[in-house]
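Asker: Quick one: the structure is below, questions incoming.
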Amino acid sequence: AETSLSKVQKSSLLLAYEVNAVGPILVIKHMRPFLKIGASLGTGKGFSLVANMSARVGSIGDNALGGWHSYRASKTALNQLTKTASVELGKRDNIA
């Protein structure tokens with residue numbers, strides 16, 4: 001585990017980012033047409049929903065322990081990508 005900066009490796013950073021940030025945003029990108037259809041069908045609420053699993057360690061403000069550099073950074077990236085996608089999809093497609 002990355003308990004200190006000396007244990008951080010490029011491969012760990014890239015893998016965590018690919019799995020926890022790149023993968024989810026690409027799923028949203030490619031599911032967008034289906035989310036748009038879902039917003040107009042079914043629920044009676046008039047919107048679709050995207051949910052991504054983040055973690056408390058992805059919070060910048062709530063990082064009192066340090067460590068887990070790759071995982072923390074990737075979850076922070078996921079949080080920002082999810083929020084940014086939410087703003088765009090909410091404005092254009094009524095997707096929350």
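Chains: A, B, ... in order of the structure tokens. Residues: from 1 per chain. Ligands: from 1, in order shown.
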Report as a Markdown table: every residue of range 44-78 of chain A with an atom at most 7 Å from range 21-37 of chain A, its closest pair of atoms, and their distance in Å to one decimal, counting only C-alpha atoms, with rows sorted by chain and ascending residue number.
Answerer:
```
| residue | atom | partner | partner_atom | distance |
| --- | --- | --- | --- | --- |
| A:Ser48 | CA | A:Leu35 | CA | 5.7 |
| A:Ser74 | CA | A:Ala21 | CA | 5.9 |
| A:Lys75 | CA | A:Ala21 | CA | 6.9 |
| A:Ala77 | CA | A:Ala21 | CA | 5.9 |
| A:Leu78 | CA | A:Ala21 | CA | 4.6 |
```
Asker: Just write the chosen residues, N, CA and C atoms, as a PDB file, in the first residue's frame.
Answerer:
```
ATOM      1  N   SER A  48     -33.188  10.949 -16.213  1.00  0.00           N
ATOM      2  CA  SER A  48     -32.380   9.751 -15.999  1.00  0.00           C
ATOM      3  C   SER A  48     -31.363  10.065 -14.918  1.00  0.00           C
ATOM      4  N   SER A  74      -7.335   9.207  -7.780  1.00  0.00           N
ATOM      5  CA  SER A  74      -8.273   8.696  -8.785  1.00  0.00           C
ATOM      6  C   SER A  74      -9.719   8.920  -8.370  1.00  0.00           C
ATOM      7  N   LYS A  75     -10.019   8.800  -7.089  1.00  0.00           N
ATOM      8  CA  LYS A  75     -11.384   9.039  -6.609  1.00  0.00           C
ATOM      9  C   LYS A  75     -11.714  10.532  -6.625  1.00  0.00           C
ATOM     10  N   ALA A  77     -10.500  12.560  -8.859  1.00  0.00           N
ATOM     11  CA  ALA A  77     -10.765  12.781 -10.285  1.00  0.00           C
ATOM     12  C   ALA A  77     -12.169  12.307 -10.649  1.00  0.00           C
ATOM     13  N   LEU A  78     -12.575  11.160 -10.130  1.00  0.00           N
ATOM     14  CA  LEU A  78     -13.925  10.660 -10.385  1.00  0.00           C
ATOM     15  C   LEU A  78     -14.970  11.654  -9.898  1.00  0.00           C
TER      16      LEU A  78
END
```
Asker: List the spatial neighbours of Gly66 in chain A as a ChimeraX atom specification - criterion: any atom at most 10 Å away, only C-alpha atoms, same-chain residues fewer than 4 positions off excluded.
Answerer: /A:2-5,57,62,72
Asker: Using N, CA and C atoms, can you write the selected residues to a file as a PDB file, in the first residue's frame?
Answerer:
```
ATOM      1  N   GLU A   2       0.356   2.279  -0.601  1.00  0.00           N
ATOM      2  CA  GLU A   2       1.100   3.535  -0.678  1.00  0.00           C
ATOM      3  C   GLU A   2       0.913   4.340   0.605  1.00  0.00           C
ATOM      4  N   THR A   3       1.667   3.974   1.595  1.00  0.00           N
ATOM      5  CA  THR A   3       1.572   4.669   2.880  1.00  0.00           C
ATOM      6  C   THR A   3       2.486   5.886   2.941  1.00  0.00           C
ATOM      7  N   SER A   4       3.346   6.040   1.946  1.00  0.00           N
ATOM      8  CA  SER A   4       4.230   7.207   1.896  1.00  0.00           C
ATOM      9  C   SER A   4       4.534   7.540   0.439  1.00  0.00           C
ATOM     10  N   LEU A   5       5.002   8.759   0.206  1.00  0.00           N
ATOM     11  CA  LEU A   5       5.351   9.179  -1.150  1.00  0.00           C
ATOM     12  C   LEU A   5       6.414   8.284  -1.773  1.00  0.00           C
ATOM     13  N   VAL A  57     -12.217   8.865   0.859  1.00  0.00           N
ATOM     14  CA  VAL A  57     -10.804   9.219   0.671  1.00  0.00           C
ATOM     15  C   VAL A  57     -10.589  10.079  -0.568  1.00  0.00           C
ATOM     16  N   ASP A  62     -11.313  16.318   3.498  1.00  0.00           N
ATOM     17  CA  ASP A  62     -11.438  15.333   4.578  1.00  0.00           C
ATOM     18  C   ASP A  62     -10.259  14.359   4.579  1.00  0.00           C
ATOM     19  N   ARG A  72      -6.578   7.783  -3.776  1.00  0.00           N
ATOM     20  CA  ARG A  72      -7.188   9.076  -3.415  1.00  0.00           C
ATOM     21  C   ARG A  72      -7.299   9.983  -4.636  1.00  0.00           C
TER      22      ARG A  72
END
```
Asker: Rounded to one decimal in Å, what is the spacing between CA of Ala51 in chain A and CA of Leu15 in chain A?
Answerer: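 Distance between the two atoms: 21.4 Å.
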Asker: Give me the residues within 10 Å of Tyr71 in chain A as JSON, numbers by chain, counting only C-alpha atoms and dropping any in the same chain fewer than 5 places off.
Answerer: {"A": [1, 2, 12, 13, 15, 16, 17, 19, 20, 55, 57, 58, 76, 77]}
Asker: Expressed in Å to a single decimal, how great is the separation between CA of Val87 in chain A and CA of His69 in chain A?
Answerer: 27.3 Å
Asker: Using only C-alpha atoms, find the one residue out of A:Gly67, A:Met53, A:Glu88, A:Gln80 that sits nearest to Ser6 in chain A.
Answerer: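 Nearest candidate to Ser6 in chain A out of A:Gly67, A:Met53, A:Glu88, A:Gln80: A:Gly67.
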Asker: Grab the CA of Leu65 in chain A to CA of Gln9 in chain A distance for me, in Å with one decimal place.
Answerer: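 That distance, rounded to one decimal, is 19.4 Å.
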Asker: Find the spatial neighbours of Ala39 in chain A, counting only C-alpha atoms, within a cut-off of 8 Å - ignore same-chain residues fewer than 5 positions away - and output them as a CSV table (one decimal) with N, CA and C atoms, in the first residue's frame.
Answerer:
```
chain,number,residue,atom,x,y,z
A,45,LYS,N,-40.9,10.8,-14.0
A,45,LYS,CA,-40.2,11.9,-13.4
A,45,LYS,C,-39.5,12.8,-14.4
A,46,GLY,N,-39.3,12.3,-15.6
A,46,GLY,CA,-38.7,13.1,-16.7
A,46,GLY,C,-37.2,13.3,-16.6
A,47,PHE,N,-36.5,12.4,-16.0
A,47,PHE,CA,-35.1,12.4,-16.0
A,47,PHE,C,-34.5,11.1,-15.8
A,48,SER,N,-33.2,10.9,-16.2
A,48,SER,CA,-32.4,9.8,-16.0
A,48,SER,C,-31.4,10.1,-14.9
A,93,ASP,N,-29.7,17.5,-21.3
A,93,ASP,CA,-30.4,16.3,-21.5
A,93,ASP,C,-31.4,15.9,-20.4
A,94,ASN,N,-31.5,16.7,-19.4
A,94,ASN,CA,-32.3,16.4,-18.2
A,94,ASN,C,-31.9,15.1,-17.5
A,95,ILE,N,-30.6,14.9,-17.4
A,95,ILE,CA,-30.0,13.7,-16.8
A,95,ILE,C,-29.3,14.2,-15.5
```
Asker: Pick from A:Ser40, A:Ser59, A:Leu49, A:Lys10: nearest to Leu89 in chain A, with only C-alpha atoms counted?
Answerer: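 Ranked by minimum distance to Leu89 in chain A, first place goes to A:Leu49.
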Asker: Which of chain A end up as alpha helix (DSSP H) when DSSP is run on this backbone - answer as a VMD selection string?
Answerer: chain A and resid 10 to 17 23 to 40 69 to 93
Asker: Kindly export the residues of the current selection with N, CA and C atoms, as a compact mmCIF listing (two decimals), in the first residue's frame.
Answerer:
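Contents of the output file out-v1.txt:
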```txt
# COMPACT_ATOMS: atom_id res chain seq x y z
N LYS A 10 4.45 5.16 -10.82
CA LYS A 10 3.71 5.64 -11.98
C LYS A 10 2.65 4.63 -12.42
N SER A 11 3.01 3.36 -12.44
CA SER A 11 2.07 2.33 -12.89
C SER A 11 0.84 2.27 -11.99
N SER A 12 1.02 2.45 -10.70
CA SER A 12 -0.11 2.44 -9.76
C SER A 12 -1.01 3.65 -9.98
N LEU A 13 -0.40 4.81 -10.21
CA LEU A 13 -1.17 6.03 -10.48
C LEU A 13 -2.01 5.87 -11.74
N LEU A 14 -1.39 5.39 -12.80
CA LEU A 14 -2.10 5.25 -14.08
C LEU A 14 -3.21 4.20 -14.01
N LEU A 15 -2.94 3.08 -13.36
CA LEU A 15 -3.95 2.04 -13.24
C LEU A 15 -5.15 2.52 -12.44
N ALA A 16 -4.90 3.16 -11.31
CA ALA A 16 -6.00 3.66 -10.48
C ALA A 16 -6.81 4.70 -11.24
N TYR A 17 -6.15 5.57 -11.98
CA TYR A 17 -6.86 6.60 -12.75
C TYR A 17 -7.69 5.96 -13.86
N GLY A 23 -12.57 4.97 -16.82
CA GLY A 23 -13.64 4.01 -17.11
C GLY A 23 -15.02 4.58 -16.89
N PRO A 24 -15.31 5.14 -15.72
CA PRO A 24 -16.65 5.67 -15.48
C PRO A 24 -17.06 6.81 -16.42
N ILE A 25 -16.14 7.71 -16.75
CA ILE A 25 -16.53 8.82 -17.63
C ILE A 25 -16.78 8.33 -19.05
N LEU A 26 -16.05 7.31 -19.48
CA LEU A 26 -16.30 6.75 -20.81
C LEU A 26 -17.63 5.99 -20.85
N VAL A 27 -18.00 5.34 -19.75
CA VAL A 27 -19.31 4.69 -19.68
C VAL A 27 -20.41 5.73 -19.83
N ILE A 28 -20.29 6.84 -19.12
CA ILE A 28 -21.28 7.91 -19.23
C ILE A 28 -21.34 8.42 -20.67
N LYS A 29 -20.19 8.66 -21.25
CA LYS A 29 -20.13 9.16 -22.63
C LYS A 29 -20.89 8.24 -23.58
N HIS A 30 -20.63 6.95 -23.48
CA HIS A 30 -21.22 6.00 -24.42
C HIS A 30 -22.67 5.64 -24.08
N MET A 31 -23.07 5.84 -22.84
CA MET A 31 -24.45 5.57 -22.44
C MET A 31 -25.36 6.78 -22.62
N ARG A 32 -24.80 7.92 -22.95
CA ARG A 32 -25.58 9.15 -23.06
C ARG A 32 -26.83 9.01 -23.94
N PRO A 33 -26.74 8.39 -25.12
CA PRO A 33 -27.95 8.25 -25.93
C PRO A 33 -29.06 7.48 -25.20
N PHE A 34 -28.68 6.46 -24.45
CA PHE A 34 -29.67 5.67 -23.71
C PHE A 34 -30.22 6.43 -22.51
N LEU A 35 -29.36 7.23 -21.89
CA LEU A 35 -29.81 8.07 -20.78
C LEU A 35 -30.82 9.11 -21.26
N LYS A 36 -30.59 9.65 -22.46
CA LYS A 36 -31.53 10.61 -23.03
C LYS A 36 -32.89 9.96 -23.28
N ILE A 37 -32.87 8.73 -23.81
CA ILE A 37 -34.11 8.00 -24.04
C ILE A 37 -34.80 7.74 -22.71
N GLY A 38 -34.04 7.31 -21.72
CA GLY A 38 -34.60 7.02 -20.40
C GLY A 38 -35.21 8.24 -19.75
N ALA A 39 -34.67 9.41 -20.04
CA ALA A 39 -35.21 10.64 -19.46
C ALA A 39 -36.60 10.93 -19.97
N SER A 40 -36.91 10.41 -21.15
CA SER A 40 -38.23 10.68 -21.73
C SER A 40 -39.21 9.52 -21.56
N HIS A 69 -2.07 7.43 -2.11
CA HIS A 69 -1.96 8.52 -3.07
C HIS A 69 -2.68 8.23 -4.39
N SER A 70 -2.42 7.09 -4.99
CA SER A 70 -3.03 6.77 -6.29
C SER A 70 -4.54 6.64 -6.18
N TYR A 71 -4.99 5.91 -5.18
CA TYR A 71 -6.42 5.69 -5.00
C TYR A 71 -7.14 7.00 -4.69
N ARG A 72 -6.58 7.78 -3.78
CA ARG A 72 -7.19 9.08 -3.41
C ARG A 72 -7.30 9.98 -4.64
N ALA A 73 -6.22 10.09 -5.37
CA ALA A 73 -6.22 10.98 -6.54
C ALA A 73 -7.23 10.51 -7.59
N SER A 74 -7.34 9.21 -7.78
CA SER A 74 -8.27 8.70 -8.79
C SER A 74 -9.72 8.92 -8.37
N LYS A 75 -10.02 8.80 -7.09
CA LYS A 75 -11.38 9.04 -6.61
C LYS A 75 -11.71 10.53 -6.63
N THR A 76 -10.72 11.37 -6.36
CA THR A 76 -10.93 12.81 -6.48
C THR A 76 -11.23 13.17 -7.94
N ALA A 77 -10.50 12.56 -8.86
CA ALA A 77 -10.77 12.78 -10.29
C ALA A 77 -12.17 12.31 -10.65
N LEU A 78 -12.57 11.16 -10.13
CA LEU A 78 -13.93 10.66 -10.39
C LEU A 78 -14.97 11.65 -9.90
N ASN A 79 -14.77 12.20 -8.71
CA ASN A 79 -15.72 13.17 -8.17
C ASN A 79 -15.86 14.38 -9.10
N GLN A 80 -14.75 14.90 -9.58
CA GLN A 80 -14.79 16.07 -10.45
C GLN A 80 -15.41 15.73 -11.80
N LEU A 81 -15.05 14.60 -12.37
CA LEU A 81 -15.62 14.19 -13.66
C LEU A 81 -17.12 13.97 -13.54
N THR A 82 -17.56 13.36 -12.45
CA THR A 82 -18.99 13.12 -12.24
C THR A 82 -19.74 14.43 -12.11
N LYS A 83 -19.20 15.36 -11.35
CA LYS A 83 -19.85 16.66 -11.17
C LYS A 83 -19.91 17.42 -12.49
N THR A 84 -18.81 17.43 -13.23
CA THR A 84 -18.76 18.15 -14.50
C THR A 84 -19.73 17.54 -15.51
N ALA A 85 -19.79 16.21 -15.57
CA ALA A 85 -20.75 15.55 -16.46
C ALA A 85 -22.18 15.86 -16.03
N SER A 86 -22.42 15.90 -14.73
CA SER A 86 -23.75 16.19 -14.21
C SER A 86 -24.23 17.58 -14.65
N VAL A 87 -23.34 18.54 -14.59
CA VAL A 87 -23.69 19.90 -15.00
C VAL A 87 -24.06 19.91 -16.48
N GLU A 88 -23.22 19.31 -17.31
CA GLU A 88 -23.48 19.29 -18.75
C GLU A 88 -24.75 18.51 -19.09
N LEU A 89 -24.88 17.31 -18.55
CA LEU A 89 -26.04 16.47 -18.87
C LEU A 89 -27.33 17.06 -18.32
N GLY A 90 -27.25 17.70 -17.18
CA GLY A 90 -28.44 18.32 -16.60
C GLY A 90 -28.96 19.47 -17.44
N LYS A 91 -28.04 20.26 -17.98
CA LYS A 91 -28.42 21.41 -18.81
C LYS A 91 -28.97 20.97 -20.16
N ARG A 92 -28.36 19.97 -20.75
CA ARG A 92 -28.69 19.61 -22.13
C ARG A 92 -29.72 18.50 -22.26
N ASP A 93 -29.68 17.53 -21.34
CA ASP A 93 -30.45 16.31 -21.55
C ASP A 93 -31.37 15.93 -20.40
```
